[in-house]
Amino acid sequence: MTKIISKNIEEAAKIIIDGGLVVFPTETVYGIGADALNSDAIEKVYKAKGRPSDNPLIVHVSNIDMLKSIVLDIGPIEQSLIDSFWPGPLTIIFKKKDVIPSIVSGGLDSIGVRLPDNSIALELIEKSSPLVGPSANVSGKPSGTTINDIIDELNGNVDIIIDDKDTQLGIESTVVKIEDDTAIILRPGIITPEDIESIGIKCKLADHIFDKMDIDITESPGTKYKHYAPTSDAILIYSDDEHKMAKKIDDLLQENSDKKVVLLSTNYYMIDSDNLIDYLFLGKDNYEIAHNMFSFLRKADSQNPDLIIIEGVKKEGIGIAIMNRLIRACNYNYIEIN
Ligand code: TXA
Ligand code: MG
């Protein structure tokens with residue numbers, strides 16, 4: 001039985017200390033929390049998510065002393081990133097100390113760590129321990145950002161769910177790894193390459209951000225699995241030219257006239273098509289789109305359409321993170337029209 005609470009964080013902290021699982025809010029997405037120092041608890045997280053255990057989990061801390069207790073060394077670039085972006089949606093890769101069991105890191109000698117910007121998360125960590133916190137969803141599905149979606153998907157698989165309403169940002173943290181003098185973005189997020197460059201740190205995107213690649217698992221372990229995907233078939237389309245976009249949507253609706261279609265768009269279109277069973281507007285800017293994206297994918301999917309047509313955004317700023325998720329949600333079924 002899963003208990004849903006919104007206060008009494010002590011009760012949730014006790015569950016963590018006893019090796020249980022607590023879904024906790026962060027500013028990005030909800031996480032499935034467990035004691036990062038307890039292998040048995042971590043085992044339960046992989047099980048609740050149905051996640052392969054070579055896909056490492058990030059660790060959430062509530063202060064810098066706690067960070068120092070789990071990582072070997074904080075380099076100068078890592079320190080600048082911490083000073084500028086913590087608490088916040090940035091996960092930094094460090095060499096780990098032995099107190100972190102290798103099941104957390106999927107056998108790697110490094111771990112991703114972040115200090116979240118959410119008072120409930122920080123209180124829970126303070127009162128228990130460093131927490132692992134993969135997104136609160138079954139592995140491969142869109143990340144959990146609304147409390148109802150999470151209850152639907154994880155009820156019965158965790159001990160407690162802490163209800164803190166919809167998450168603020170809606171998309172998981174930016175993950176960076178420092179190589180020489182450069183921050184390599186392994187997973188894009190709300191903290192953009194420009195944000196990192198603005199504090200004088202060189203930054204580049206890892207090669208796999210938009211592509212399906214058979215990359216070395218030690219480089220970027222999370223990228224080889226199916227991700228963020230609705231059950232229905234989905235296609236992602238993008239053009240800088242709104243007229244071309246409108247035409248493509250029209251064409252797709254006609255080509256699929258025998259199918260039930262849901263459209264997720266980032267512009268308003270006048271569409272009159274019998275096979276369009278729902279039309280959801282993702283948002284007027286990238287913040288709004290990031291905030292709505294995962295819950296709207298679920299909303300679209302819940303109507304069991306034959307096809308979800310998704311309109312993308314320009315791959316710049318936060319648009320990089322949005323497109324990174326949407327391209328995977330569509331299983332790389334992506335058309336860019338020039
Ligand atoms: O916003 C977030 O980061 C959310 C919330 C709940 O905090 N958490 C989250 O955790 O998304 P998780 O475990 O689902 O994602 C961790 C990401 C994965 O892409 C994983 O491959 C990468 O970080 N990662 C973890 N440890 C790593 C390591 N040692 N080296 C490279 N990448 C690592
Ligand atoms: Mg996830």
# chains A, B, ... in the order shown; residues from 1 in each chain; ligands from 1
call {"tool": "closest_atom_pairs", "arguments": {"of": "chain A", "to": "ligand 2", "cutoff": "7 Å", "atoms": "only C-alpha atoms and all ligand atoms", "output": "CSV"}}
result
residue,atom,partner,partner_atom_place_in_ligand_line,distance
A:Pro134,CA,ligand 2,1 (Mg),5.7
A:Ser135,CA,ligand 2,1 (Mg),4.4
A:Ser139,CA,ligand 2,1 (Mg),6.8
A:Ser143,CA,ligand 2,1 (Mg),5.7
call {"tool": "residues_around", "arguments": {"residues": "range 39-46 of chain A", "least_positions_apart": "3", "cutoff": "9 Å", "atoms": "only C-alpha atoms", "output": "PyMOL selection string"}}
result
chain A and resi 16+18-21+32-36+49-53+100-104+132-134+139+158
call {"tool": "write_last_selection", "arguments": {"atoms": "N, CA and C atoms", "output": "CSV table (one decimal), in the first residue's frame"}}
result
chain,number,residue,atom,x,y,z
A,16,ILE,N,12.7,6.3,4.5
A,16,ILE,CA,14.0,6.2,3.8
A,16,ILE,C,15.1,5.5,4.7
A,18,ASP,N,14.7,3.5,7.0
A,18,ASP,CA,14.4,2.0,7.1
A,18,ASP,C,14.5,1.3,5.7
A,19,GLY,N,15.0,2.0,4.7
A,19,GLY,CA,15.3,1.3,3.4
A,19,GLY,C,14.1,1.2,2.5
A,20,GLY,N,13.1,2.1,2.7
A,20,GLY,CA,12.0,2.1,1.8
A,20,GLY,C,12.1,3.2,0.7
A,21,LEU,N,11.0,3.3,-0.1
A,21,LEU,CA,11.0,4.2,-1.2
A,21,LEU,C,9.9,5.3,-1.0
A,32,ILE,N,12.0,9.1,-7.5
A,32,ILE,CA,11.8,7.9,-6.6
A,32,ILE,C,13.0,7.9,-5.6
A,33,GLY,N,12.8,8.3,-4.4
A,33,GLY,CA,13.9,8.5,-3.5
A,33,GLY,C,14.1,7.2,-2.7
A,34,ALA,N,15.4,7.0,-2.5
A,34,ALA,CA,15.9,5.9,-1.5
A,34,ALA,C,17.2,6.3,-1.0
A,35,ASP,N,17.6,5.7,0.1
A,35,ASP,CA,18.9,6.0,0.8
A,35,ASP,C,20.1,5.6,-0.2
A,36,ALA,N,20.8,6.6,-0.6
A,36,ALA,CA,21.9,6.3,-1.6
A,36,ALA,C,23.0,5.5,-1.1
A,49,LYS,N,11.0,0.9,-10.9
A,49,LYS,CA,11.1,1.6,-12.2
A,49,LYS,C,11.1,0.6,-13.3
A,50,GLY,N,11.5,-0.7,-13.0
A,50,GLY,CA,11.8,-1.6,-14.1
A,50,GLY,C,13.0,-1.2,-14.9
A,51,ARG,N,14.0,-0.6,-14.2
A,51,ARG,CA,15.1,0.0,-14.9
A,51,ARG,C,16.3,-0.9,-14.9
A,52,PRO,N,17.0,-1.0,-16.0
A,52,PRO,CA,18.2,-1.9,-16.0
A,52,PRO,C,19.2,-1.3,-15.1
A,53,SER,N,19.9,-2.2,-14.4
A,53,SER,CA,20.8,-1.7,-13.3
A,53,SER,C,22.2,-1.2,-13.8
A,100,ILE,N,29.4,5.2,-1.5
A,100,ILE,CA,28.3,5.0,-2.5
A,100,ILE,C,28.5,3.6,-3.2
A,101,PRO,N,27.5,2.8,-2.9
A,101,PRO,CA,27.6,1.4,-3.5
A,101,PRO,C,27.6,1.4,-5.0
A,102,SER,N,28.3,0.5,-5.6
A,102,SER,CA,28.5,0.5,-7.1
A,102,SER,C,27.1,0.3,-7.8
A,103,ILE,N,26.1,-0.2,-7.1
A,103,ILE,CA,24.8,-0.4,-7.7
A,103,ILE,C,24.2,1.0,-8.1
A,104,VAL,N,24.6,2.0,-7.3
A,104,VAL,CA,24.0,3.4,-7.6
A,104,VAL,C,24.6,3.8,-8.9
A,132,VAL,N,19.1,8.7,-3.8
A,132,VAL,CA,19.0,8.5,-5.2
A,132,VAL,C,17.6,9.1,-5.6
A,133,GLY,N,17.5,9.4,-6.9
A,133,GLY,CA,16.2,10.0,-7.3
A,133,GLY,C,16.1,10.0,-8.8
A,134,PRO,N,15.9,8.8,-9.4
A,134,PRO,CA,15.5,8.8,-10.8
A,134,PRO,C,14.1,9.3,-10.9
A,139,SER,N,10.4,2.9,-16.2
A,139,SER,CA,11.5,3.1,-17.1
A,139,SER,C,10.9,3.1,-18.6
A,158,VAL,N,5.7,1.9,-4.3
A,158,VAL,CA,6.5,2.7,-3.4
A,158,VAL,C,5.8,2.8,-2.1
call {"tool": "closest_residue", "arguments": {"among": "A:Pro193, A:Pro188, A:Gly75, A:Gly88", "to": "Ser62 in chain A", "atoms": "only C-alpha atoms"}}
result
A:Gly88
call {"tool": "closest_residue", "arguments": {"among": "A:Leu122, A:Ile191, A:Ile77, A:Ile58", "to": "Leu90 in chain A", "atoms": "only C-alpha atoms"}}
result
A:Ile191
call {"tool": "residues_around", "arguments": {"residues": "Gly312 in chain A", "least_positions_apart": "6", "cutoff": "9 Å", "atoms": "only C-alpha atoms", "output": "VMD selection string"}}
result
chain A and resid 236 to 239 264 to 266 319 322 to 323 326 to 327
call {"tool": "write_last_selection", "arguments": {"atoms": "all heavy atoms", "output": "PDB file, in the first residue's frame"}}
result
ATOM      1  N   LEU A 236       7.487  13.384 -34.838  1.00  0.00           N
ATOM      2  CA  LEU A 236       7.867  14.753 -34.487  1.00  0.00           C
ATOM      3  C   LEU A 236       8.237  15.498 -35.764  1.00  0.00           C
ATOM      4  O   LEU A 236       8.977  14.969 -36.599  1.00  0.00           O
ATOM      5  CB  LEU A 236       9.069  14.699 -33.540  1.00  0.00           C
ATOM      6  CG  LEU A 236       9.710  16.028 -33.119  1.00  0.00           C
ATOM      7  CD1 LEU A 236       8.745  16.848 -32.260  1.00  0.00           C
ATOM      8  CD2 LEU A 236      11.003  15.754 -32.336  1.00  0.00           C
ATOM      9  N   ILE A 237       7.698  16.709 -35.906  1.00  0.00           N
ATOM     10  CA  ILE A 237       8.035  17.488 -37.090  1.00  0.00           C
ATOM     11  C   ILE A 237       8.441  18.898 -36.676  1.00  0.00           C
ATOM     12  O   ILE A 237       7.980  19.415 -35.652  1.00  0.00           O
ATOM     13  CB  ILE A 237       6.833  17.586 -38.072  1.00  0.00           C
ATOM     14  CG1 ILE A 237       5.559  18.014 -37.327  1.00  0.00           C
ATOM     15  CG2 ILE A 237       6.608  16.263 -38.773  1.00  0.00           C
ATOM     16  CD1 ILE A 237       4.357  18.142 -38.224  1.00  0.00           C
ATOM     17  N   TYR A 238       9.342  19.491 -37.455  1.00  0.00           N
ATOM     18  CA  TYR A 238       9.710  20.874 -37.173  1.00  0.00           C
ATOM     19  C   TYR A 238      10.140  21.601 -38.435  1.00  0.00           C
ATOM     20  O   TYR A 238      10.846  21.055 -39.285  1.00  0.00           O
ATOM     21  CB  TYR A 238      10.847  20.972 -36.142  1.00  0.00           C
ATOM     22  CG  TYR A 238      11.201  22.422 -35.908  1.00  0.00           C
ATOM     23  CD1 TYR A 238      10.340  23.244 -35.204  1.00  0.00           C
ATOM     24  CD2 TYR A 238      12.346  22.973 -36.475  1.00  0.00           C
ATOM     25  CE1 TYR A 238      10.603  24.597 -35.058  1.00  0.00           C
ATOM     26  CE2 TYR A 238      12.617  24.338 -36.327  1.00  0.00           C
ATOM     27  CZ  TYR A 238      11.739  25.136 -35.609  1.00  0.00           C
ATOM     28  OH  TYR A 238      11.992  26.472 -35.478  1.00  0.00           O
ATOM     29  N   SER A 239       9.715  22.850 -38.553  1.00  0.00           N
ATOM     30  CA  SER A 239      10.240  23.758 -39.570  1.00  0.00           C
ATOM     31  C   SER A 239      10.301  25.155 -38.966  1.00  0.00           C
ATOM     32  O   SER A 239       9.461  25.520 -38.148  1.00  0.00           O
ATOM     33  CB  SER A 239       9.331  23.759 -40.794  1.00  0.00           C
ATOM     34  OG  SER A 239       9.764  24.766 -41.679  1.00  0.00           O
ATOM     35  N   LEU A 264      -0.122  17.498 -30.853  1.00  0.00           N
ATOM     36  CA  LEU A 264       0.464  18.348 -29.812  1.00  0.00           C
ATOM     37  C   LEU A 264       1.211  19.451 -30.552  1.00  0.00           C
ATOM     38  O   LEU A 264       2.179  19.160 -31.252  1.00  0.00           O
ATOM     39  CB  LEU A 264       1.463  17.570 -28.952  1.00  0.00           C
ATOM     40  CG  LEU A 264       0.969  16.412 -28.106  1.00  0.00           C
ATOM     41  CD1 LEU A 264       2.124  15.821 -27.292  1.00  0.00           C
ATOM     42  CD2 LEU A 264      -0.102  16.881 -27.139  1.00  0.00           C
ATOM     43  N   SER A 265       0.778  20.693 -30.406  1.00  0.00           N
ATOM     44  CA  SER A 265       1.415  21.726 -31.229  1.00  0.00           C
ATOM     45  C   SER A 265       2.010  22.845 -30.383  1.00  0.00           C
ATOM     46  O   SER A 265       1.668  23.031 -29.215  1.00  0.00           O
ATOM     47  CB  SER A 265       0.409  22.303 -32.216  1.00  0.00           C
ATOM     48  OG  SER A 265      -0.380  23.271 -31.565  1.00  0.00           O
ATOM     49  N   THR A 266       2.919  23.579 -31.005  1.00  0.00           N
ATOM     50  CA  THR A 266       3.524  24.728 -30.331  1.00  0.00           C
ATOM     51  C   THR A 266       3.109  26.039 -31.010  1.00  0.00           C
ATOM     52  O   THR A 266       3.597  27.093 -30.673  1.00  0.00           O
ATOM     53  CB  THR A 266       5.067  24.588 -30.324  1.00  0.00           C
ATOM     54  OG1 THR A 266       5.516  24.385 -31.671  1.00  0.00           O
ATOM     55  CG2 THR A 266       5.492  23.407 -29.487  1.00  0.00           C
ATOM     56  N   GLY A 319      15.202  24.895 -25.946  1.00  0.00           N
ATOM     57  CA  GLY A 319      14.723  24.079 -27.063  1.00  0.00           C
ATOM     58  C   GLY A 319      15.582  22.838 -27.304  1.00  0.00           C
ATOM     59  O   GLY A 319      15.095  21.829 -27.815  1.00  0.00           O
ATOM     60  N   ILE A 322      14.176  20.273 -24.908  1.00  0.00           N
ATOM     61  CA  ILE A 322      12.839  19.859 -25.350  1.00  0.00           C
ATOM     62  C   ILE A 322      12.962  18.884 -26.523  1.00  0.00           C
ATOM     63  O   ILE A 322      12.359  17.800 -26.523  1.00  0.00           O
ATOM     64  CB  ILE A 322      12.002  21.101 -25.752  1.00  0.00           C
ATOM     65  CG1 ILE A 322      11.693  21.937 -24.500  1.00  0.00           C
ATOM     66  CG2 ILE A 322      10.718  20.688 -26.470  1.00  0.00           C
ATOM     67  CD1 ILE A 322      11.073  23.294 -24.792  1.00  0.00           C
ATOM     68  N   MET A 323      13.792  19.238 -27.504  1.00  0.00           N
ATOM     69  CA  MET A 323      13.925  18.381 -28.685  1.00  0.00           C
ATOM     70  C   MET A 323      14.642  17.073 -28.352  1.00  0.00           C
ATOM     71  O   MET A 323      14.315  16.021 -28.911  1.00  0.00           O
ATOM     72  CB  MET A 323      14.643  19.129 -29.803  1.00  0.00           C
ATOM     73  CG  MET A 323      13.783  20.240 -30.409  1.00  0.00           C
ATOM     74  SD  MET A 323      12.236  19.610 -31.111  1.00  0.00           S
ATOM     75  CE  MET A 323      12.798  19.152 -32.758  1.00  0.00           C
ATOM     76  N   LEU A 326      11.787  15.003 -26.991  1.00  0.00           N
ATOM     77  CA  LEU A 326      10.732  14.688 -27.970  1.00  0.00           C
ATOM     78  C   LEU A 326      11.233  13.725 -29.046  1.00  0.00           C
ATOM     79  O   LEU A 326      10.501  12.836 -29.483  1.00  0.00           O
ATOM     80  CB  LEU A 326      10.183  15.968 -28.605  1.00  0.00           C
ATOM     81  CG  LEU A 326       9.326  16.849 -27.686  1.00  0.00           C
ATOM     82  CD1 LEU A 326       8.868  18.109 -28.410  1.00  0.00           C
ATOM     83  CD2 LEU A 326       8.111  16.075 -27.144  1.00  0.00           C
ATOM     84  N   ILE A 327      12.485  13.892 -29.464  1.00  0.00           N
ATOM     85  CA  ILE A 327      13.044  12.987 -30.484  1.00  0.00           C
ATOM     86  C   ILE A 327      13.047  11.553 -29.943  1.00  0.00           C
ATOM     87  O   ILE A 327      12.705  10.603 -30.653  1.00  0.00           O
ATOM     88  CB  ILE A 327      14.466  13.447 -30.894  1.00  0.00           C
ATOM     89  CG1 ILE A 327      14.353  14.689 -31.783  1.00  0.00           C
ATOM     90  CG2 ILE A 327      15.228  12.336 -31.618  1.00  0.00           C
ATOM     91  CD1 ILE A 327      15.681  15.380 -32.095  1.00  0.00           C
TER      92      ILE A 327
END
call {"tool": "closest_residue", "arguments": {"among": "A:Asn63, A:Ser84, A:Ser69, A:Asn324", "to": "ligand 1", "atoms": "only C-alpha atoms and all ligand atoms"}}
result
A:Asn324
